[in-house]
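Shown next, in structure tokens, is the structure this report addresses.
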Amino acid sequence: MEMPIPNAAVLARKDRVVARLLQVLPADAVISDVAETRAYECDALTAYKCAPMVAVLPASTQEVSDVLRICHEEGVPVVPRGSGTSLAGGALPTADCVILGVARMNDVIETDYANRIIRVQTGRTNLSVTGAVEEDGFFYAPDPSSQLACAIAGNIAMNSGGAHCLKYGVTTNNLMGVTLVQMDGTVVEIGGGYLDAGGLDLLGVICGSEGQLGVVTEATLRILHKPEGARPVLMGFDDNEVAGACVSDIIKAGVLPVAIEFMDRPCIEATEAFAGAGYPDCEALLIVEVEGSDAEIDDQLARIMEIARRHNPVELRESKSPEESARIWLGRKSAFGAMGQINDYMCLDGTIPVSSLPFVLRRIGEMSAEYGLRVGNVFHAGDGNMHPLILFDANKPGDLELCETFGAEVLKLCVEVGGCLTGEHGVGIEKRDLMHVQYTMDDLEAQMAVKDVFDPQWLLNPAKVFPLDASDARRRIEMAAQ
Ligand SMILES: Cc1cc2nc3c(=O)[nH]c(=O)nc-3n(C[C@H](O)[C@H](O)[C@H](O)COP(=O)(O)OP(=O)(O)OC[C@H]3O[C@@H](n4cnc5c(N)ncnc54)[C@H](O)[C@@H]3O)c2cc1C
């Protein structure tokens with residue numbers, strides 16, 4: 001779906017803005033050629049595309065500050081961008097915006113093992129944070145499946161999670177401080193290398209704010225000692241609901257695995273064809289991993305497998321070696337790529353109470369039949385963070401719209417059972433107009449009032465997160481007041 005092309009007023013302003021940006025950035029950091037700006041026209045929600053007016057690649061907090069100050073003075077919208085892997089269209093440009101990419105800002109600024117912290121520039125990829133400390137026995141816990149590519153910038157903006165967040169929490173639980181550049185160019189420090197900041201919890205407000213409040217250029221992250229050992233067990237079941245009930249029983253029993261991942265038959269078959277991980281022929285499988293010393297692992301796995309046996313598994317395979325563990329994880333880690341090879345798909349992201357898993361999985365199956373669109377489920381089951389992948393044909397007229405209507409129904413179902421519209425992917429453009437399902441207008445007003453404070457002109461990442469009927473009204477009022 002192509003977004004509007006720039007109008008004459010935008011084109012007239014472009015030359016002036018580019019000239020000013022070139023005064024504060026080197027020439028190769030300002031991308032204004034129309035063909036080259038196409039590289040930034042979408043993120044991983046590729047159904048929506050719109051080339052920006054200009055893209056810039058600053059290399060320091062000072063350069064980010066200079067860019068924002070210029071855009072603020074010119075009244076130009078800015079869309080911050082990490083690696084562009086958002087599945088919610090969070091980094092989608094508008095035709096009149098400057099895309100501000102932090103990819104060149106990827107240095108480690110400081111590692112402090114005594115205090116278990118690392119400070120990085122936020123363009124650094126998630127996996128390379130662990131890469132910087134693993135030889136010394138440490139790791140950074142949040143592990144999105146996209147961790148090879150996604151940046152800490154996007155992780156903070158989306159409050160990203162991953163398979164191992166069941167035990168260690170998501171980004172907000174592992175973030176200690178940020179350097180934030182506000183829309184007018186002001187640089188502020190929030191939090192730091194200590195347990196909790198005095199005053200208001202602004203770090204909690206910034207984490208998950210989807211580029212609405214400022215540009216995060218540096219971050220202090222908590223790093224952890226690598227566990228003594230880890231071991232997954234693979235469980236196969238004849239029924240999705242039974243696998244869901246097993247997850248719920250494990251959580252209820254008070255055992256805390258480091259991860260519980262779920263895959264159903266469409267995903268199992270796609271990943272087997274793609275990666276050949278040796279998964280069983282079954283309707284649903286779980287990967288449950290525990291960590292600790294050998295004795296701790298044996299004890300936890302014995303309890304978990306006892307619970308699994310009560311659900312009549314068709315397979316119960318405990319890893320016996322690091323190679324086998326890697327193979328068990330291989331399929332799960334390739335699932336999104338494998339599904340992408342066989343079909344276009346839309347990846348949903350909603351959260352439900354774990355006890356609702358069997359019911360919600362059944363309803364998704366029923367809806368799949370009603371809409372005539374296949375669904376594959378692969379998700380972080382222990383957290384109740386669901387990722388139904390709705391398969392559709394992008395070349396078939398009307399299929400994307402049908403898929404979006406189906407997706408909206410699934411997300412409404414998540415809210416109905418006491419869950420949330422988003423899990424770890426954020427709202428972006430994808431779920432913007434569904435925010436009314438979860439929040440009253442008063443709730444949304446409270447959230448928009450926070451944006452008013454940080455970004456009174458509503459220039460940062462416009463047309464995301466807040467429903468258009470609410471946010472457009474806000475923008476019009478602001479413009480009339482100028
Ligand atoms: C195959 C695949 C698997 C995925 N698996 C997971 C998963 O397991 N868990 C998960 O949580 N997500 C997952 N994602 C989604 C995505 O990777 C995450 O949302 C990630 O955090 C986005 O990071 P990014 O650097 O690519 O951000 P971008 O896509 O570039 O931007 C995301 C948002 O962050 C904002 N932003 C970017 N940089 C800044 C900045 N410096 N300051 C302020 N705001 C900024 C943008 O404006 C946008 O709103 C997956 C995506 C793919 C394609």
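All residue names refer to the structure tokens as shown: chains lettered A, B, ... in order, residues numbered from 1 in each chain, ligands numbered from 1 in order.
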Can you tell me which residues surround region 441-454 of chain A at a distance of at most 7 Å, considering only C-alpha atoms, apart from same-chain residues fewer than 5 positions away, and format the answer as JSON, numbers by chain?
{"A": [182, 212, 213]}
Report as a PDB file with N, CA, C and O atoms, in the first residue's frame all protein, DNA and RNA residues lying within 12 Å of Ile70 (chain A), evaluated on only C-alpha atoms, omitting residues in the same chain fewer than 5 positions from it.
ATOM      1  N   ARG A  16      15.726  23.797   1.216  1.00  0.00           N
ATOM      2  CA  ARG A  16      16.200  24.604   2.351  1.00  0.00           C
ATOM      3  C   ARG A  16      16.633  23.707   3.515  1.00  0.00           C
ATOM      4  O   ARG A  16      17.684  23.904   4.122  1.00  0.00           O
ATOM      5  N   VAL A  17      15.825  22.683   3.789  1.00  0.00           N
ATOM      6  CA  VAL A  17      16.145  21.784   4.906  1.00  0.00           C
ATOM      7  C   VAL A  17      17.443  21.032   4.631  1.00  0.00           C
ATOM      8  O   VAL A  17      18.318  20.927   5.495  1.00  0.00           O
ATOM      9  N   VAL A  18      17.590  20.532   3.400  1.00  0.00           N
ATOM     10  CA  VAL A  18      18.813  19.789   3.059  1.00  0.00           C
ATOM     11  C   VAL A  18      20.034  20.697   3.211  1.00  0.00           C
ATOM     12  O   VAL A  18      21.062  20.291   3.774  1.00  0.00           O
ATOM     13  N   ALA A  19      19.911  21.927   2.747  1.00  0.00           N
ATOM     14  CA  ALA A  19      21.049  22.858   2.852  1.00  0.00           C
ATOM     15  C   ALA A  19      21.432  23.068   4.315  1.00  0.00           C
ATOM     16  O   ALA A  19      22.616  23.078   4.669  1.00  0.00           O
ATOM     17  N   ARG A  20      20.453  23.188   5.169  1.00  0.00           N
ATOM     18  CA  ARG A  20      20.754  23.396   6.598  1.00  0.00           C
ATOM     19  C   ARG A  20      21.350  22.130   7.228  1.00  0.00           C
ATOM     20  O   ARG A  20      22.264  22.206   8.053  1.00  0.00           O
ATOM     21  N   LEU A  21      20.822  20.963   6.827  1.00  0.00           N
ATOM     22  CA  LEU A  21      21.348  19.701   7.389  1.00  0.00           C
ATOM     23  C   LEU A  21      22.812  19.501   6.988  1.00  0.00           C
ATOM     24  O   LEU A  21      23.629  19.002   7.770  1.00  0.00           O
ATOM     25  N   LEU A  22      23.141  19.939   5.763  1.00  0.00           N
ATOM     26  CA  LEU A  22      24.533  19.780   5.298  1.00  0.00           C
ATOM     27  C   LEU A  22      25.498  20.689   6.053  1.00  0.00           C
ATOM     28  O   LEU A  22      26.706  20.494   6.020  1.00  0.00           O
ATOM     29  N   GLN A  23      24.967  21.680   6.761  1.00  0.00           N
ATOM     30  CA  GLN A  23      25.849  22.532   7.587  1.00  0.00           C
ATOM     31  C   GLN A  23      26.270  21.826   8.881  1.00  0.00           C
ATOM     32  O   GLN A  23      27.249  22.199   9.499  1.00  0.00           O
ATOM     33  N   VAL A  24      25.507  20.795   9.285  1.00  0.00           N
ATOM     34  CA  VAL A  24      25.844  20.148  10.574  1.00  0.00           C
ATOM     35  C   VAL A  24      26.261  18.681  10.409  1.00  0.00           C
ATOM     36  O   VAL A  24      26.726  18.062  11.356  1.00  0.00           O
ATOM     37  N   LEU A  25      26.069  18.125   9.204  1.00  0.00           N
ATOM     38  CA  LEU A  25      26.427  16.716   8.968  1.00  0.00           C
ATOM     39  C   LEU A  25      27.338  16.614   7.750  1.00  0.00           C
ATOM     40  O   LEU A  25      27.227  17.429   6.820  1.00  0.00           O
ATOM     41  N   GLU A  63      25.329  15.513  16.891  1.00  0.00           N
ATOM     42  CA  GLU A  63      24.764  15.609  15.535  1.00  0.00           C
ATOM     43  C   GLU A  63      23.248  15.374  15.555  1.00  0.00           C
ATOM     44  O   GLU A  63      22.497  16.032  14.833  1.00  0.00           O
ATOM     45  N   VAL A  64      22.798  14.436  16.386  1.00  0.00           N
ATOM     46  CA  VAL A  64      21.348  14.212  16.505  1.00  0.00           C
ATOM     47  C   VAL A  64      20.671  15.485  17.004  1.00  0.00           C
ATOM     48  O   VAL A  64      19.630  15.919  16.499  1.00  0.00           O
ATOM     49  N   SER A  65      21.291  16.112  17.989  1.00  0.00           N
ATOM     50  CA  SER A  65      20.747  17.342  18.554  1.00  0.00           C
ATOM     51  C   SER A  65      20.657  18.440  17.480  1.00  0.00           C
ATOM     52  O   SER A  65      19.643  19.139  17.371  1.00  0.00           O
ATOM     53  N   GLY A  75       9.841  23.117  11.393  1.00  0.00           N
ATOM     54  CA  GLY A  75       8.531  22.449  11.499  1.00  0.00           C
ATOM     55  C   GLY A  75       8.451  21.170  10.680  1.00  0.00           C
ATOM     56  O   GLY A  75       7.383  20.796  10.181  1.00  0.00           O
ATOM     57  N   VAL A  76       9.595  20.469  10.579  1.00  0.00           N
ATOM     58  CA  VAL A  76       9.632  19.234   9.773  1.00  0.00           C
ATOM     59  C   VAL A  76       9.481  18.008  10.691  1.00  0.00           C
ATOM     60  O   VAL A  76      10.204  17.884  11.682  1.00  0.00           O
ATOM     61  N   PRO A  77       8.561  17.107  10.372  1.00  0.00           N
ATOM     62  CA  PRO A  77       8.424  15.883  11.181  1.00  0.00           C
ATOM     63  C   PRO A  77       9.674  15.011  11.088  1.00  0.00           C
ATOM     64  O   PRO A  77      10.352  15.001  10.057  1.00  0.00           O
ATOM     65  N   VAL A  78       9.957  14.274  12.167  1.00  0.00           N
ATOM     66  CA  VAL A  78      11.130  13.396  12.221  1.00  0.00           C
ATOM     67  C   VAL A  78      10.684  11.992  12.631  1.00  0.00           C
ATOM     68  O   VAL A  78       9.958  11.831  13.615  1.00  0.00           O
ATOM     69  N   VAL A  98      11.864  13.813   7.870  1.00  0.00           N
ATOM     70  CA  VAL A  98      13.269  13.423   7.876  1.00  0.00           C
ATOM     71  C   VAL A  98      13.351  12.111   8.654  1.00  0.00           C
ATOM     72  O   VAL A  98      12.892  12.024   9.788  1.00  0.00           O
ATOM     73  N   MET A 183      12.898  17.074  20.889  1.00  0.00           N
ATOM     74  CA  MET A 183      12.635  17.587  19.541  1.00  0.00           C
ATOM     75  C   MET A 183      13.295  18.945  19.301  1.00  0.00           C
ATOM     76  O   MET A 183      13.713  19.261  18.182  1.00  0.00           O
ATOM     77  N   ASP A 184      13.451  19.754  20.342  1.00  0.00           N
ATOM     78  CA  ASP A 184      14.089  21.072  20.118  1.00  0.00           C
ATOM     79  C   ASP A 184      15.617  20.993  20.197  1.00  0.00           C
ATOM     80  O   ASP A 184      16.299  22.015  20.164  1.00  0.00           O
ATOM     81  N   GLY A 185      16.155  19.769  20.336  1.00  0.00           N
ATOM     82  CA  GLY A 185      17.606  19.595  20.358  1.00  0.00           C
ATOM     83  C   GLY A 185      18.195  19.495  21.761  1.00  0.00           C
ATOM     84  O   GLY A 185      19.378  19.195  21.932  1.00  0.00           O
ATOM     85  N   THR A 186      17.394  19.723  22.781  1.00  0.00           N
ATOM     86  CA  THR A 186      17.892  19.633  24.157  1.00  0.00           C
ATOM     87  C   THR A 186      18.266  18.189  24.490  1.00  0.00           C
ATOM     88  O   THR A 186      17.516  17.261  24.178  1.00  0.00           O
TER      89      THR A 186
END
Protein and nucleic residues near ligand 1, 6 Å, only C-alpha atoms and all ligand atoms, as a PyMOL selection string
chain A and resi 43-44+79-87+90-91+102+144-146+150-151+153-155+157-158+160-162+210-211+214-217+336+424-425+461
Selected residues, N, CA and C atoms, written as a CSV table (one decimal), in the first residue's frame, please.
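Here's the written file out27.csv:
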chain,number,residue,atom,x,y,z
A,43,ASP,N,9.5,-0.5,6.9
A,43,ASP,CA,10.3,-1.4,7.9
A,43,ASP,C,9.8,-2.8,7.6
A,44,ALA,N,9.7,-3.7,8.6
A,44,ALA,CA,9.4,-5.0,8.3
A,44,ALA,C,7.9,-5.2,8.1
A,79,VAL,N,11.1,11.0,11.9
A,79,VAL,CA,10.9,9.6,12.3
A,79,VAL,C,12.2,8.9,12.6
A,80,PRO,N,12.4,8.6,13.9
A,80,PRO,CA,13.6,8.0,14.3
A,80,PRO,C,13.6,6.5,13.8
A,81,ARG,N,14.8,6.0,13.5
A,81,ARG,CA,14.9,4.7,12.9
A,81,ARG,C,16.1,4.0,13.5
A,82,GLY,N,16.0,2.7,13.9
A,82,GLY,CA,17.1,1.9,14.3
A,82,GLY,C,17.5,1.1,13.1
A,83,SER,N,17.1,-0.2,13.1
A,83,SER,CA,17.5,-1.1,12.0
A,83,SER,C,16.3,-1.3,11.0
A,84,GLY,N,15.1,-0.8,11.3
A,84,GLY,CA,14.0,-0.9,10.4
A,84,GLY,C,13.4,-2.3,10.4
A,85,THR,N,13.4,-3.0,11.6
A,85,THR,CA,12.8,-4.4,11.7
A,85,THR,C,11.4,-4.3,12.3
A,86,SER,N,10.9,-3.2,12.6
A,86,SER,CA,9.6,-3.1,13.3
A,86,SER,C,8.5,-3.8,12.4
A,87,LEU,N,7.7,-4.6,13.1
A,87,LEU,CA,6.7,-5.4,12.4
A,87,LEU,C,5.4,-4.6,12.6
A,90,GLY,N,6.4,0.9,12.8
A,90,GLY,CA,6.8,2.0,13.7
A,90,GLY,C,7.7,3.0,13.0
A,91,ALA,N,8.6,2.5,12.1
A,91,ALA,CA,9.6,3.3,11.5
A,91,ALA,C,9.2,3.7,10.1
A,102,VAL,N,20.0,5.8,13.4
A,102,VAL,CA,21.1,5.8,14.3
A,102,VAL,C,22.1,4.7,14.0
A,144,PRO,N,15.1,-10.6,21.3
A,144,PRO,CA,14.2,-10.7,20.2
A,144,PRO,C,14.7,-11.7,19.1
A,145,SER,N,13.8,-12.3,18.4
A,145,SER,CA,14.2,-13.3,17.3
A,145,SER,C,15.0,-12.5,16.3
A,146,SER,N,14.8,-11.2,16.2
A,146,SER,CA,15.5,-10.4,15.2
A,146,SER,C,16.8,-9.9,15.7
A,150,CYS,N,18.2,-6.2,14.7
A,150,CYS,CA,17.5,-5.0,15.4
A,150,CYS,C,18.5,-4.3,16.3
A,151,ALA,N,18.2,-3.0,16.5
A,151,ALA,CA,19.1,-2.2,17.3
A,151,ALA,C,18.5,-1.9,18.7
A,153,ALA,N,18.2,0.8,20.0
A,153,ALA,CA,17.3,2.0,19.8
A,153,ALA,C,15.9,1.5,19.6
A,154,GLY,N,15.6,0.6,18.7
A,154,GLY,CA,14.3,0.1,18.4
A,154,GLY,C,13.8,-0.8,19.6
A,155,ASN,N,14.7,-1.5,20.2
A,155,ASN,CA,14.3,-2.3,21.4
A,155,ASN,C,13.8,-1.5,22.5
A,157,ALA,N,12.5,1.6,22.1
A,157,ALA,CA,11.3,2.3,21.7
A,157,ALA,C,10.1,1.4,21.7
A,158,MET,N,10.3,0.1,21.4
A,158,MET,CA,9.2,-0.9,21.4
A,158,MET,C,9.1,-1.7,22.7
A,160,SER,N,11.1,-4.2,23.6
A,160,SER,CA,11.1,-5.5,23.0
A,160,SER,C,11.4,-6.6,24.0
A,161,GLY,N,10.9,-7.8,23.6
A,161,GLY,CA,11.1,-9.0,24.4
A,161,GLY,C,11.7,-10.1,23.6
A,162,GLY,N,11.6,-11.3,24.1
A,162,GLY,CA,12.2,-12.4,23.3
A,162,GLY,C,11.9,-13.7,24.1
A,210,GLU,N,8.0,4.4,21.5
A,210,GLU,CA,7.8,4.3,20.0
A,210,GLU,C,8.3,5.6,19.3
A,211,GLY,N,9.3,6.2,19.8
A,211,GLY,CA,9.9,7.4,19.0
A,211,GLY,C,9.0,8.6,19.1
A,214,GLY,N,11.2,11.5,21.9
A,214,GLY,CA,12.6,12.0,21.7
A,214,GLY,C,13.4,10.9,21.1
A,215,VAL,N,14.7,11.2,20.8
A,215,VAL,CA,15.5,10.3,20.1
A,215,VAL,C,16.5,9.8,21.2
A,216,VAL,N,16.6,8.5,21.4
A,216,VAL,CA,17.5,7.9,22.4
A,216,VAL,C,18.8,7.6,21.7
A,217,THR,N,19.9,8.2,22.2
A,217,THR,CA,21.2,8.0,21.5
A,217,THR,C,22.1,7.1,22.2
A,336,PHE,N,10.1,-17.6,11.5
A,336,PHE,CA,9.6,-16.5,10.8
A,336,PHE,C,10.1,-16.5,9.3
A,424,GLU,N,5.1,-7.2,22.3
A,424,GLU,CA,6.5,-6.7,22.2
A,424,GLU,C,6.8,-5.9,21.0
A,425,HIS,N,5.8,-5.9,20.0
A,425,HIS,CA,6.1,-5.2,18.7
A,425,HIS,C,5.7,-3.8,18.7
A,461,ASN,N,7.6,11.3,15.0
A,461,ASN,CA,7.0,10.1,14.5
A,461,ASN,C,5.5,10.2,14.4
If you run DSSP over the backbone, which residues in region 193-351 of chain A end up strand (DSSP E)? Put them as a PyMOL selection string.
chain A and resi 215-222+224-225+230-237+259-264+284-291+315-318+344-347+350-351
Go ahead and compute the interatomic distance for CA of Tyr48 (chain A) and CA of Ile99 (chain A), in Å to one decimal.
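Distance between the two atoms: 15.7 Å.
Among the candidates A:Asp393, A:Asp249, A:Glu134, A:Asp201, the residue lying nearest to Glu306 (chain A) is A:Asp249 (atoms considered: only C-alpha atoms).
Minimum atom-to-atom distances from A:Ala12, A:Val378, A:Cys267, A:Glu296 to Val255 (chain A) were compared using only C-alpha atoms, and the lowest value belongs to A:Glu296.
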